[in-house]
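Source file target.cif; content: mmCIF, C-alpha atoms.
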data_my_file
loop_
_atom_site.group_PDB
_atom_site.id
_atom_site.type_symbol
_atom_site.label_atom_id
_atom_site.label_comp_id
_atom_site.auth_asym_id
_atom_site.auth_seq_id
_atom_site.Cartn_x
_atom_site.Cartn_y
_atom_site.Cartn_z
ATOM 1 C CA MET A 1 42.645 -18.579 -101.568
ATOM 2 C CA ASN A 2 44.672 -19.302 -98.431
ATOM 3 C CA PHE A 3 46.749 -16.281 -97.401
ATOM 4 C CA GLU A 4 48.650 -17.881 -94.501
ATOM 5 C CA ALA A 5 51.766 -18.088 -96.656
ATOM 6 C CA TRP A 6 52.049 -14.301 -96.391
ATOM 7 C CA ILE A 7 52.411 -14.355 -92.599
ATOM 8 C CA GLY A 8 56.052 -13.692 -91.770
ATOM 9 C CA ARG A 9 56.826 -12.215 -95.190
ATOM 10 C CA GLU A 10 59.375 -9.385 -94.904
ATOM 11 C CA THR A 11 60.556 -6.413 -96.864
ATOM 12 C CA ARG A 12 63.468 -4.086 -96.116
ATOM 13 C CA ALA A 13 64.183 -0.532 -97.182
ATOM 14 C CA LYS A 14 66.965 1.982 -96.553
ATOM 15 C CA ASP A 15 66.965 5.758 -96.380
ATOM 16 C CA ARG A 16 68.821 8.693 -94.873
ATOM 17 C CA LEU A 17 67.288 11.366 -92.676
ATOM 18 C CA ASP A 18 68.920 14.225 -94.524
ATOM 19 C CA GLU A 19 68.568 17.996 -94.320
ATOM 20 C CA GLY A 20 66.267 18.152 -97.327
ATOM 21 C CA LEU A 21 63.695 15.763 -95.857
ATOM 22 C CA ALA A 22 63.897 17.495 -92.479
ATOM 23 C CA ALA A 23 63.352 20.920 -94.061
ATOM 24 C CA ARG A 24 60.373 19.680 -96.104
ATOM 25 C CA TRP A 25 58.792 18.054 -93.049
ATOM 26 C CA HIS A 26 59.046 21.250 -90.992
ATOM 27 C CA ALA A 27 57.807 23.381 -93.902
ATOM 28 C CA THR A 28 54.791 21.133 -94.452
ATOM 29 C CA PHE A 29 53.627 21.700 -90.877
ATOM 30 C CA ASP A 30 54.636 25.380 -90.624
ATOM 31 C CA ARG A 31 57.024 24.683 -87.794
ATOM 32 C CA ALA A 32 60.554 25.729 -87.014
ATOM 33 C CA ASN A 33 63.195 23.180 -86.094
ATOM 34 C CA ARG A 34 63.987 24.314 -82.578
ATOM 35 C CA HIS A 35 65.980 21.254 -81.555
ATOM 36 C CA PRO A 36 68.488 20.361 -84.272
ATOM 37 C CA PRO A 37 69.612 17.669 -84.850
ATOM 38 C CA LEU A 38 66.679 16.073 -82.968
ATOM 39 C CA MET A 39 63.813 15.310 -85.357
ATOM 40 C CA PRO A 40 60.169 15.493 -84.251
ATOM 41 C CA GLN A 41 58.337 12.283 -83.483
ATOM 42 C CA GLY A 42 56.200 11.251 -86.439
ATOM 43 C CA ILE A 43 58.817 11.952 -89.087
ATOM 44 C CA HIS A 44 59.296 8.179 -89.382
ATOM 45 C CA PHE A 45 56.108 8.190 -91.506
ATOM 46 C CA ALA A 46 58.182 9.858 -94.239
ATOM 47 C CA LEU A 47 61.157 7.487 -94.020
ATOM 48 C CA CYS A 48 61.679 4.465 -96.295
ATOM 49 C CA PRO A 49 58.552 5.180 -98.370
ATOM 50 C CA PRO A 50 57.443 2.601 -100.960
ATOM 51 C CA ASP A 51 59.359 2.909 -104.242
ATOM 52 C CA THR A 52 57.082 0.860 -106.465
ATOM 53 C CA GLN A 53 57.454 1.607 -110.176
ATOM 54 C CA THR A 54 54.618 3.766 -111.536
ATOM 55 C CA ARG A 55 53.644 1.065 -114.043
ATOM 56 C CA GLU A 56 53.129 -1.342 -111.126
ATOM 57 C CA LEU A 57 50.557 0.820 -109.353
ATOM 58 C CA GLY A 58 46.919 -0.237 -109.255
ATOM 59 C CA GLU A 59 43.937 1.874 -110.252
ATOM 60 C CA ASP A 60 43.687 3.291 -106.717
ATOM 61 C CA GLY A 61 47.366 4.284 -106.633
ATOM 62 C CA HIS A 62 48.510 1.526 -104.273
ATOM 63 C CA PRO A 63 51.029 -1.072 -105.482
ATOM 64 C CA GLN A 64 49.362 -3.917 -107.344
ATOM 65 C CA ARG A 65 49.088 -7.170 -105.408
ATOM 66 C CA ASP A 66 49.387 -10.706 -106.805
ATOM 67 C CA ASP A 67 50.258 -14.222 -105.668
ATOM 68 C CA SER A 68 53.964 -13.942 -106.468
ATOM 69 C CA LYS A 69 56.734 -13.760 -103.897
ATOM 70 C CA ARG A 70 57.361 -10.162 -104.993
ATOM 71 C CA SER A 71 53.994 -9.084 -103.588
ATOM 72 C CA PHE A 72 54.462 -8.080 -99.960
ATOM 73 C CA LEU A 73 50.730 -7.741 -99.264
ATOM 74 C CA PRO A 74 48.252 -10.508 -100.161
ATOM 75 C CA PRO A 75 46.052 -10.274 -103.279
ATOM 76 C CA PHE A 76 42.718 -9.998 -101.503
ATOM 77 C CA PRO A 77 39.790 -9.689 -103.933
ATOM 78 C CA MET A 78 38.527 -6.673 -101.949
ATOM 79 C CA PRO A 79 40.012 -3.593 -103.656
ATOM 80 C CA ARG A 80 39.556 -0.807 -101.082
ATOM 81 C CA ARG A 81 42.357 -0.312 -98.564
ATOM 82 C CA MET A 82 42.316 1.740 -95.373
ATOM 83 C CA TRP A 83 44.992 2.415 -92.739
ATOM 84 C CA ALA A 84 42.791 1.679 -89.740
ATOM 85 C CA SER A 85 45.127 2.067 -86.760
ATOM 86 C CA SER A 86 48.677 1.962 -85.433
ATOM 87 C CA SER A 87 50.376 1.271 -82.136
ATOM 88 C CA ILE A 88 53.802 2.915 -81.934
ATOM 89 C CA GLU A 89 56.702 2.588 -79.494
ATOM 90 C CA PHE A 90 59.457 5.200 -79.543
ATOM 91 C CA HIS A 91 62.727 3.577 -78.424
ATOM 92 C CA ALA A 92 65.334 6.151 -79.423
ATOM 93 C CA PRO A 93 65.338 9.621 -81.008
ATOM 94 C CA LEU A 94 65.758 10.098 -84.740
ATOM 95 C CA LEU A 95 68.648 12.451 -85.454
ATOM 96 C CA LEU A 96 69.474 14.469 -88.536
ATOM 97 C CA GLY A 97 71.894 12.596 -90.778
ATOM 98 C CA ALA A 98 71.051 9.134 -89.458
ATOM 99 C CA SER A 99 71.208 6.119 -91.759
ATOM 100 C CA ILE A 100 67.788 4.479 -91.674
ATOM 101 C CA GLU A 101 66.698 0.909 -92.260
ATOM 102 C CA ARG A 102 63.124 -0.299 -91.953
ATOM 103 C CA VAL A 103 62.138 -3.948 -91.655
ATOM 104 C CA SER A 104 58.452 -4.616 -92.340
ATOM 105 C CA ARG A 105 56.853 -7.961 -91.572
ATOM 106 C CA ILE A 106 53.338 -9.400 -92.002
ATOM 107 C CA ALA A 107 52.348 -10.335 -88.444
ATOM 108 C CA SER A 108 48.777 -11.574 -88.903
ATOM 109 C CA ILE A 109 45.935 -11.880 -91.408
ATOM 110 C CA LYS A 110 42.290 -12.206 -90.441
ATOM 111 C CA GLU A 111 39.241 -12.389 -92.682
ATOM 112 C CA LYS A 112 35.789 -11.529 -91.386
ATOM 113 C CA GLU A 113 32.280 -10.859 -92.632
ATOM 114 C CA GLY A 114 31.172 -7.297 -91.887
ATOM 115 C CA ASN A 115 27.897 -5.453 -92.342
ATOM 116 C CA SER A 116 29.076 -4.196 -95.723
ATOM 117 C CA GLY A 117 30.544 -7.517 -96.890
ATOM 118 C CA PRO A 118 33.836 -9.396 -96.487
ATOM 119 C CA LEU A 119 36.743 -7.692 -94.722
ATOM 120 C CA ALA A 120 40.415 -8.569 -94.406
ATOM 121 C CA PHE A 121 42.633 -7.262 -91.603
ATOM 122 C CA VAL A 122 46.415 -7.279 -91.987
ATOM 123 C CA GLU A 123 48.787 -6.409 -89.165
ATOM 124 C CA VAL A 124 52.178 -5.192 -90.359
ATOM 125 C CA GLU A 125 55.063 -4.772 -87.928
ATOM 126 C CA HIS A 126 57.537 -2.042 -88.877
ATOM 127 C CA GLU A 127 60.890 -1.678 -87.115
ATOM 128 C CA THR A 128 62.812 1.488 -87.968
ATOM 129 C CA PHE A 129 66.518 1.491 -87.136
ATOM 130 C CA ALA A 130 68.665 4.632 -87.035
ATOM 131 C CA ASP A 131 72.414 4.041 -87.346
ATOM 132 C CA GLY A 132 71.773 0.408 -86.441
ATOM 133 C CA LYS A 133 69.759 1.123 -83.282
ATOM 134 C CA LEU A 134 66.038 0.447 -82.966
ATOM 135 C CA ALA A 135 64.270 3.815 -82.941
ATOM 136 C CA VAL A 136 60.593 3.123 -83.698
ATOM 137 C CA ARG A 137 58.492 -0.026 -83.580
ATOM 138 C CA GLU A 138 55.018 0.233 -85.093
ATOM 139 C CA THR A 139 52.217 -2.269 -85.535
ATOM 140 C CA GLN A 140 49.972 -1.044 -88.330
ATOM 141 C CA THR A 141 46.524 -2.455 -89.088
ATOM 142 C CA LEU A 142 45.293 -2.335 -92.678
ATOM 143 C CA VAL A 143 41.709 -3.133 -93.662
ATOM 144 C CA TYR A 144 40.589 -4.294 -97.096
ATOM 145 C CA ARG A 145 36.923 -4.104 -98.090
ATOM 146 C CA GLU A 146 34.616 -4.421 -101.060
ATOM 147 C CA ALA A 147 34.343 -1.827 -103.805
ATOM 148 C CA ALA A 148 31.846 0.926 -103.090
ATOM 149 C CA ASP A 149 28.406 0.727 -104.666
ATOM 150 C CA PRO A 150 28.308 3.457 -107.379
ATOM 151 C CA GLN A 151 24.936 4.525 -105.971
ATOM 152 C CA ALA A 152 26.025 4.537 -102.325
ATOM 153 C CA PRO A 153 25.584 7.811 -100.402
ATOM 154 C CA LEU A 154 28.744 9.861 -100.169
ATOM 155 C CA SER A 155 30.694 9.377 -96.943
ATOM 156 C CA PRO A 156 30.806 10.964 -94.471
ATOM 157 C CA ALA A 157 27.444 12.720 -94.473
ATOM 158 C CA GLU A 158 27.361 16.481 -94.932
ATOM 159 C CA LEU A 159 28.240 18.410 -91.795
ATOM 160 C CA GLY A 160 25.232 18.515 -89.496
ATOM 161 C CA ASP A 161 23.891 21.077 -87.071
ATOM 162 C CA GLY A 162 26.000 19.848 -84.166
ATOM 163 C CA ALA A 163 29.244 21.403 -83.002
ATOM 164 C CA PHE A 164 32.443 20.208 -81.395
ATOM 165 C CA ASP A 165 32.249 20.748 -77.630
ATOM 166 C CA ALA A 166 35.619 21.466 -76.006
ATOM 167 C CA GLU A 167 34.123 21.648 -72.522
ATOM 168 C CA ASP A 168 35.250 18.154 -71.487
ATOM 169 C CA TRP A 169 38.796 18.573 -72.799
ATOM 170 C CA ASP A 170 41.796 20.218 -71.157
ATOM 171 C CA TYR A 171 43.312 21.484 -74.413
ATOM 172 C CA ASP A 172 42.010 22.060 -77.930
ATOM 173 C CA TRP A 173 43.242 23.455 -81.229
ATOM 174 C CA THR A 174 41.408 24.103 -84.489
ATOM 175 C CA LEU A 175 42.879 24.032 -87.988
ATOM 176 C CA VAL A 176 41.757 23.457 -91.568
ATOM 177 C CA PRO A 177 43.759 20.761 -93.403
ATOM 178 C CA ASP A 178 43.462 21.941 -96.993
ATOM 179 C CA GLU A 179 44.428 20.454 -100.345
ATOM 180 C CA ARG A 180 47.937 21.944 -100.212
ATOM 181 C CA LEU A 181 48.693 20.193 -96.932
ATOM 182 C CA LEU A 182 47.378 16.874 -98.280
ATOM 183 C CA PHE A 183 49.469 17.221 -101.429
ATOM 184 C CA ARG A 184 52.646 17.953 -99.484
ATOM 185 C CA PHE A 185 52.085 15.047 -97.099
ATOM 186 C CA SER A 186 51.470 12.699 -100.035
ATOM 187 C CA ALA A 187 54.738 13.914 -101.559
ATOM 188 C CA LEU A 188 56.647 13.506 -98.290
ATOM 189 C CA THR A 189 55.446 9.929 -97.829
ATOM 190 C CA PHE A 190 55.336 9.002 -101.559
ATOM 191 C CA ASN A 191 51.685 8.074 -101.035
ATOM 192 C CA THR A 192 49.854 7.701 -104.356
ATOM 193 C CA HIS A 193 46.458 6.635 -102.995
ATOM 194 C CA ARG A 194 44.119 8.723 -105.139
ATOM 195 C CA ILE A 195 41.592 9.514 -102.396
ATOM 196 C CA HIS A 196 44.066 12.129 -101.121
ATOM 197 C CA TYR A 197 44.529 14.148 -104.331
ATOM 198 C CA ASP A 198 42.064 13.041 -107.032
ATOM 199 C CA ALA A 199 38.660 14.471 -106.116
ATOM 200 C CA PRO A 200 36.652 12.852 -108.967
ATOM 201 C CA TYR A 201 38.123 9.440 -108.113
ATOM 202 C CA ALA A 202 37.487 9.901 -104.385
ATOM 203 C CA ARG A 203 33.865 10.872 -105.080
ATOM 204 C CA ASP A 204 32.867 8.649 -108.006
ATOM 205 C CA VAL A 205 34.820 5.461 -107.267
ATOM 206 C CA GLU A 206 35.315 5.284 -103.496
ATOM 207 C CA ARG A 207 32.250 7.433 -102.713
ATOM 208 C CA TYR A 208 33.885 9.932 -100.373
ATOM 209 C CA ARG A 209 32.371 13.398 -100.115
ATOM 210 C CA GLY A 210 35.729 15.056 -100.768
ATOM 211 C CA LEU A 211 39.461 14.468 -100.553
ATOM 212 C CA VAL A 212 40.282 12.356 -97.500
ATOM 213 C CA VAL A 213 42.873 13.517 -94.956
ATOM 214 C CA HIS A 214 45.514 10.798 -94.517
ATOM 215 C CA GLY A 215 45.368 8.797 -91.290
ATOM 216 C CA PRO A 216 49.104 9.292 -90.601
ATOM 217 C CA LEU A 217 48.708 13.010 -91.360
ATOM 218 C CA LEU A 218 46.030 13.244 -88.656
ATOM 219 C CA ALA A 219 48.290 11.232 -86.358
ATOM 220 C CA SER A 220 51.221 13.580 -87.067
ATOM 221 C CA LEU A 221 49.050 16.594 -86.252
ATOM 222 C CA LEU A 222 47.977 14.980 -82.969
ATOM 223 C CA LEU A 223 51.606 14.235 -82.072
ATOM 224 C CA GLN A 224 52.551 17.858 -82.708
ATOM 225 C CA PHE A 225 49.525 19.069 -80.760
ATOM 226 C CA ALA A 226 50.578 16.889 -77.823
ATOM 227 C CA SER A 227 54.166 18.104 -78.013
ATOM 228 C CA ARG A 228 53.040 21.744 -77.941
ATOM 229 C CA GLU A 229 50.123 21.653 -75.524
ATOM 230 C CA LEU A 230 50.366 18.749 -73.112
ATOM 231 C CA SER A 231 52.483 18.907 -69.990
ATOM 232 C CA GLY A 232 55.545 16.672 -70.040
ATOM 233 C CA ILE A 233 55.235 15.626 -73.693
ATOM 234 C CA SER A 234 57.685 17.474 -75.893
ATOM 235 C CA ASN A 235 59.115 14.920 -78.306
ATOM 236 C CA ASP A 236 59.404 12.586 -75.308
ATOM 237 C CA ALA A 237 56.510 10.199 -75.927
ATOM 238 C CA LYS A 238 57.298 6.540 -75.316
ATOM 239 C CA HIS A 239 54.163 5.179 -76.918
ATOM 240 C CA PHE A 240 51.431 6.511 -79.145
ATOM 241 C CA SER A 241 48.420 4.757 -80.624
ATOM 242 C CA PHE A 242 45.672 5.945 -82.913
ATOM 243 C CA ARG A 243 42.523 4.557 -84.527
ATOM 244 C CA GLY A 244 40.574 6.019 -87.418
ATOM 245 C CA MET A 245 36.862 6.350 -86.711
ATOM 246 C CA SER A 246 35.469 8.348 -89.644
ATOM 247 C CA PRO A 247 36.944 10.123 -92.685
ATOM 248 C CA ALA A 248 38.170 13.692 -92.265
ATOM 249 C CA ILE A 249 37.532 15.810 -95.368
ATOM 250 C CA ALA A 250 40.002 18.364 -96.711
ATOM 251 C CA GLY A 251 38.976 22.002 -96.447
ATOM 252 C CA GLU A 252 36.774 21.515 -93.391
ATOM 253 C CA PRO A 253 37.610 22.608 -89.819
ATOM 254 C CA LEU A 254 39.297 19.975 -87.702
ATOM 255 C CA HIS A 255 39.357 20.153 -83.912
ATOM 256 C CA LEU A 256 42.185 18.469 -81.991
ATOM 257 C CA ALA A 257 41.674 17.876 -78.274
ATOM 258 C CA GLY A 258 43.537 16.347 -75.345
ATOM 259 C CA ARG A 259 42.987 15.550 -71.683
ATOM 260 C CA LEU A 260 44.782 13.701 -68.913
ATOM 261 C CA ASP A 261 43.511 10.168 -68.334
ATOM 262 C CA GLY A 262 45.428 8.560 -65.504
ATOM 263 C CA ILE A 263 49.113 8.513 -66.400
ATOM 264 C CA GLU A 264 48.417 8.950 -70.130
ATOM 265 C CA TYR A 265 46.737 11.542 -72.298
ATOM 266 C CA GLU A 266 43.670 10.842 -74.360
ATOM 267 C CA LEU A 267 43.622 12.621 -77.708
ATOM 268 C CA GLY A 268 40.918 13.090 -80.295
ATOM 269 C CA ALA A 269 40.291 14.679 -83.668
ATOM 270 C CA PHE A 270 36.777 15.902 -84.474
ATOM 271 C CA ALA A 271 34.898 17.315 -87.444
ATOM 272 C CA ASP A 272 33.209 20.684 -87.048
ATOM 273 C CA ASP A 273 29.846 19.079 -86.164
ATOM 274 C CA GLY A 274 31.386 16.973 -83.392
ATOM 275 C CA ARG A 275 31.797 13.725 -85.343
ATOM 276 C CA GLN A 276 34.957 11.999 -84.097
ATOM 277 C CA VAL A 277 37.411 11.136 -86.852
ATOM 278 C CA MET A 278 40.319 9.763 -84.810
ATOM 279 C CA ALA A 279 40.936 8.514 -81.277
ATOM 280 C CA ALA A 280 44.462 8.349 -79.853
ATOM 281 C CA ARG A 281 46.472 7.885 -76.670
ATOM 282 C CA ILE A 282 49.975 9.023 -75.789
ATOM 283 C CA GLY A 283 52.252 8.481 -72.805
ATOM 284 C CA THR A 284 55.803 9.048 -71.616
#
Rewrite the structure from the file as structure tokens, please.
Amino acid sequence: MNFEAWIGRETRAKDRLDEGLAARWHATFDRANRHPPLMPQGIHFALCPPDTQTRELGEDGHPQRDDSKRSFLPPFPMPRRMWASSSIEFHAPLLLGASIERVSRIASIKEKEGNSGPLAFVEVEHETFADGKLAVRETQTLVYREAADPQAPLSPAELGDGAFDAEDWDYDWTLVPDERLLFRFSALTFNTHRIHYDAPYARDVERYRGLVVHGPLLASLLLQFASRELSGISNDAKHFSFRGMSPAIAGEPLHLAGRLDGIEYELGAFADDGRQVMAARIGT
């Protein structure tokens, strides 16, 4: 099937950054709102979430896809979906009470043959406007891949004998993203992908070793880490990019690290045995 017809397809959604959402965001991350009405960078992940009817969700929890004009994303035959990366530009602050509109557009579609079978890459451009002014522009890359072999080894492998080494980093912070945090982030973002809350599904169908920490949740934690630890970055980032490298599993220690690299900061998230789960960069 030719999916070029989906390139340029748009969808629009509206929302309001109200006190309830702001309070739930801060509570989820155990942080106080020290700069009202200025909202922390990353809260755009919780704005204009998908409002697909429950009966229209697929087995994995994502909206079903078909060849109709109502289907924003193409109906690839590969069922597994992953948020692989994002490149984000922050143009204006998001303020409490702002009226929000998000315009999402399919920018590109590429199909490739990978080591594990066919892959499809979709770039989605999201523009988030606050009171009519562009606040955030994000290019998100989604990857679709084949169903997991029921006999495939669980991924990632059990934690090994290695350890995260903070020696080469200027700053580091360790936390344990547990099931409660994953549940709250799924609720905030209206994310029904079952790998984040349904352990039997994650293990038996998608062959993950445990519940998977959301990519945008990891990205939000890195943004907050940068705001707290890195010199000159306190909700003032102009650009931020991240790329998932390996699944992070709920209930296991996660190490966040940062170091100056030229005029930007390099960020990373690591499992307890040193396996890197996310790479990121941030600059003002």
Which residues are close to Ala107 of chain A, i.e. within 9 Å by only C-alpha atoms, leaving aside same-chain residues fewer than 2 positions away? Reply as a short mmCIF file (atom, residue, chain, number, x, y, z; two decimals) with C-alpha atoms, in the frame of the given file.
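Result file follows (selection28.cif):
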data_model
loop_
_atom_site.label_atom_id
_atom_site.label_comp_id
_atom_site.auth_asym_id
_atom_site.auth_seq_id
_atom_site.Cartn_x
_atom_site.Cartn_y
_atom_site.Cartn_z
CA TRP A 6 52.05 -14.30 -96.39
CA ILE A 7 52.41 -14.36 -92.60
CA GLY A 8 56.05 -13.69 -91.77
CA ARG A 9 56.83 -12.22 -95.19
CA ARG A 105 56.85 -7.96 -91.57
CA ILE A 109 45.94 -11.88 -91.41
CA VAL A 122 46.42 -7.28 -91.99
CA GLU A 123 48.79 -6.41 -89.16
CA VAL A 124 52.18 -5.19 -90.36
CA GLU A 125 55.06 -4.77 -87.93
CA THR A 139 52.22 -2.27 -85.54
#
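Every residue within 6 Å of the file position (62.2, 3.2, -81.4), judged by only C-alpha atoms, is given as A:Glu89, A:Phe90, A:His91, A:Ala92, A:Leu134, A:Ala135, A:Val136, A:Arg137.
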Open item on the list: Report, in Å with one decimal, the straight-line distance from atom CA of Arg102 of chain A to atom CA of Ala130 of chain A.
Closed with: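 These atoms are spaced 8.9 Å apart.
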Could you give me, as a PDB file with C-alpha atoms, keeping the file's coordinate frame, the residues within 8 Å of segment 40-52 of chain A, counting only C-alpha atoms and dropping anything in the same chain fewer than 5 positions from it?
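Writing done, so here's result.pdb:
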ATOM      1  CA  ALA A  13      64.183  -0.532 -97.182  1.00  0.00           C
ATOM      2  CA  LYS A  14      66.965   1.982 -96.553  1.00  0.00           C
ATOM      3  CA  ASP A  15      66.965   5.758 -96.380  1.00  0.00           C
ATOM      4  CA  ARG A  16      68.821   8.693 -94.873  1.00  0.00           C
ATOM      5  CA  LEU A  17      67.288  11.366 -92.676  1.00  0.00           C
ATOM      6  CA  TRP A  25      58.792  18.054 -93.049  1.00  0.00           C
ATOM      7  CA  LEU A  57      50.557   0.820-109.353  1.00  0.00           C
ATOM      8  CA  PRO A  63      51.029  -1.072-105.482  1.00  0.00           C
ATOM      9  CA  PRO A  93      65.338   9.621 -81.008  1.00  0.00           C
ATOM     10  CA  LEU A  94      65.758  10.098 -84.740  1.00  0.00           C
ATOM     11  CA  ILE A 100      67.788   4.479 -91.674  1.00  0.00           C
ATOM     12  CA  GLU A 101      66.698   0.909 -92.260  1.00  0.00           C
ATOM     13  CA  ARG A 102      63.124  -0.299 -91.953  1.00  0.00           C
ATOM     14  CA  THR A 128      62.812   1.488 -87.968  1.00  0.00           C
ATOM     15  CA  VAL A 136      60.593   3.123 -83.698  1.00  0.00           C
ATOM     16  CA  LEU A 188      56.647  13.506 -98.290  1.00  0.00           C
ATOM     17  CA  THR A 189      55.446   9.929 -97.829  1.00  0.00           C
ATOM     18  CA  PHE A 190      55.336   9.002-101.559  1.00  0.00           C
ATOM     19  CA  ASN A 191      51.685   8.074-101.035  1.00  0.00           C
ATOM     20  CA  PRO A 216      49.104   9.292 -90.601  1.00  0.00           C
ATOM     21  CA  ALA A 219      48.290  11.232 -86.358  1.00  0.00           C
ATOM     22  CA  SER A 220      51.221  13.580 -87.067  1.00  0.00           C
ATOM     23  CA  LEU A 223      51.606  14.235 -82.072  1.00  0.00           C
ATOM     24  CA  ASN A 235      59.115  14.920 -78.306  1.00  0.00           C
TER      25      ASN A 235
END
Task: For Phe183 of chain A: contacts at 12 Å, only C-alpha atoms, fewer than 3 positions along chain excluded, given as a PyMOL selection string - done: chain A and resi 28+177-180+186-198+211-214+217+250
Open item on the list: From (36.0, 16.6, -105.6), in the file's coordinates, out to 8 Å: which residues are reached, counting only C-alpha atoms? Answer as a PyMOL selection string.
Closed with: chain A and resi 198-203+209-211
Dump of C-alpha atoms for the selected residues, as a PDB file, keeping the file's coordinate frame:
ATOM      1  CA  ASP A 198      42.064  13.041-107.032  1.00  0.00           C
ATOM      2  CA  ALA A 199      38.660  14.471-106.116  1.00  0.00           C
ATOM      3  CA  PRO A 200      36.652  12.852-108.967  1.00  0.00           C
ATOM      4  CA  TYR A 201      38.123   9.440-108.113  1.00  0.00           C
ATOM      5  CA  ALA A 202      37.487   9.901-104.385  1.00  0.00           C
ATOM      6  CA  ARG A 203      33.865  10.872-105.080  1.00  0.00           C
ATOM      7  CA  ARG A 209      32.371  13.398-100.115  1.00  0.00           C
ATOM      8  CA  GLY A 210      35.729  15.056-100.768  1.00  0.00           C
ATOM      9  CA  LEU A 211      39.461  14.468-100.553  1.00  0.00           C
TER      10      LEU A 211
END
Task: Contacts of Asp165 of chain A within 12 Å, only C-alpha atoms, excl. fewer than 6 positions in-chain, as a list of chain:residue names - done: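 My list of contacting residues is A:Tyr171, A:Asp172, A:Trp173, A:Thr174, A:His255, A:Leu256, A:Ala257, A:Gly268, A:Ala269, A:Phe270, A:Ala271, A:Asp272, A:Asp273, A:Gly274, A:Arg275, A:Gln276.
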Within 7 Å of segment 142-164 of chain A, which residues of segment 52-127 of chain A show up? Give each one with its shortest atom-to-atom distance in Å (one decimal) and the two atoms involved, counting all atoms listed in the file, rows by chain then rising residue number, as a tab-separated table.
residue	atom	partner	partner_atom	distance
A:Met78	CA	A:Glu146	CA	4.6
A:Pro79	CA	A:Ala147	CA	5.9
A:Arg80	CA	A:Arg145	CA	5.2
A:Arg81	CA	A:Tyr144	CA	4.6
A:Met82	CA	A:Val143	CA	5.2
A:Trp83	CA	A:Leu142	CA	4.8
A:Ala84	CA	A:Leu142	CA	5.6
A:Gly117	CA	A:Glu146	CA	6.6
A:Pro118	CA	A:Arg145	CA	6.3
A:Leu119	CA	A:Arg145	CA	4.9
A:Ala120	CA	A:Tyr144	CA	5.1
A:Phe121	CA	A:Val143	CA	4.7
A:Val122	CA	A:Leu142	CA	5.1
A:Glu123	CA	A:Leu142	CA	6.4
Open item on the list: Between atom CA of Lys110 of chain A and atom CA of Met278 of chain A, what distance in Å does the model show, to one decimal?
Closed with: 22.8 Å
Task: Straight-line distance linking atom CA of Lys238 of chain A with atom CA of Arg12 of chain A, stated in Å to one decimal - done: 24.2 Å
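Counting only C-alpha atoms, the residue from A:Leu95, A:Leu254, A:Ile263, A:Met1 that sits nearest to Pro36 of chain A is A:Leu95.
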For the file shown, what are the residues hit by the PyMOL selection byres ((chain A and resi 64-69) around 10), laid out as a PDB file with C-alpha atoms, keeping the file's coordinate frame?
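Just written: expr21.pdb:
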ATOM      1  CA  MET A   1      42.645 -18.579-101.568  1.00  0.00           C
ATOM      2  CA  PHE A   3      46.749 -16.281 -97.401  1.00  0.00           C
ATOM      3  CA  ALA A   5      51.766 -18.088 -96.656  1.00  0.00           C
ATOM      4  CA  TRP A   6      52.049 -14.301 -96.391  1.00  0.00           C
ATOM      5  CA  ARG A   9      56.826 -12.215 -95.190  1.00  0.00           C
ATOM      6  CA  THR A  52      57.082   0.860-106.465  1.00  0.00           C
ATOM      7  CA  ARG A  55      53.644   1.065-114.043  1.00  0.00           C
ATOM      8  CA  GLU A  56      53.129  -1.342-111.126  1.00  0.00           C
ATOM      9  CA  LEU A  57      50.557   0.820-109.353  1.00  0.00           C
ATOM     10  CA  GLY A  58      46.919  -0.237-109.255  1.00  0.00           C
ATOM     11  CA  GLU A  59      43.937   1.874-110.252  1.00  0.00           C
ATOM     12  CA  ASP A  60      43.687   3.291-106.717  1.00  0.00           C
ATOM     13  CA  GLY A  61      47.366   4.284-106.633  1.00  0.00           C
ATOM     14  CA  HIS A  62      48.510   1.526-104.273  1.00  0.00           C
ATOM     15  CA  PRO A  63      51.029  -1.072-105.482  1.00  0.00           C
ATOM     16  CA  ARG A  70      57.361 -10.162-104.993  1.00  0.00           C
ATOM     17  CA  SER A  71      53.994  -9.084-103.588  1.00  0.00           C
ATOM     18  CA  PHE A  72      54.462  -8.080 -99.960  1.00  0.00           C
ATOM     19  CA  LEU A  73      50.730  -7.741 -99.264  1.00  0.00           C
ATOM     20  CA  PRO A  74      48.252 -10.508-100.161  1.00  0.00           C
ATOM     21  CA  PRO A  75      46.052 -10.274-103.279  1.00  0.00           C
ATOM     22  CA  PHE A  76      42.718  -9.998-101.503  1.00  0.00           C
ATOM     23  CA  PRO A  77      39.790  -9.689-103.933  1.00  0.00           C
ATOM     24  CA  PRO A  79      40.012  -3.593-103.656  1.00  0.00           C
TER      25      PRO A  79
END
TODO: Can you work out which one of A:Asn2, A:Ser87, A:Ser116, A:Ser227 has the shortest atom-to-atom distance to Tyr265 of chain A, counting only C-alpha atoms?
DONE: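 Result for the nearest residue to Tyr265 of chain A: A:Ser227.
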Edge lengths and centre in Å, axis-aligned, segment 117-131 of chain A plus 5 Å each side, as AutoDock Vina command-line options:
--center_x 51.5 --center_y -2.4 --center_z -92.0 --size_x 51.9 --size_y 24.0 --size_z 19.9
- [ ] Output the residue selection produced by the PyMOL selection byres ((chain A and resi 11) around 6) on the file above, formatted as a PyMOL selection string.
- [x] chain A and resi 10+12+103-104
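Among the candidate residues A:Ala27, A:Ile282, A:Ala22, A:Met245, the one lying nearest to Leu181 of chain A is A:Ala27, with distances computed using only C-alpha atoms.
With distances taken over all atoms listed in the file, A:Val277 is the one residue among A:Glu266, A:Ser234, A:Val277, A:Leu222 lying closest to Ile249 of chain A.
Nearest-residue note for Asp170 of chain A: choosing from A:Arg259, A:Asp18, A:Arg24, A:Ala32, the minimum distance belongs to A:Arg259, counting only C-alpha atoms.
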Saved segment 117-121 of chain A from the preceding structure, C-alpha atoms, as a short mmCIF file (atom, residue, chain, number, x, y, z; two decimals), in the first residue's frame:
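Output saved as out06.cif:
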data_model
loop_
_atom_site.label_atom_id
_atom_site.label_comp_id
_atom_site.auth_asym_id
_atom_site.auth_seq_id
_atom_site.Cartn_x
_atom_site.Cartn_y
_atom_site.Cartn_z
CA GLY A 117 12.12 -7.10 9.67
CA PRO A 118 10.30 -4.19 8.01
CA LEU A 119 10.22 -0.81 9.75
CA ALA A 120 8.23 2.35 9.12
CA PHE A 121 9.34 5.79 10.33
#
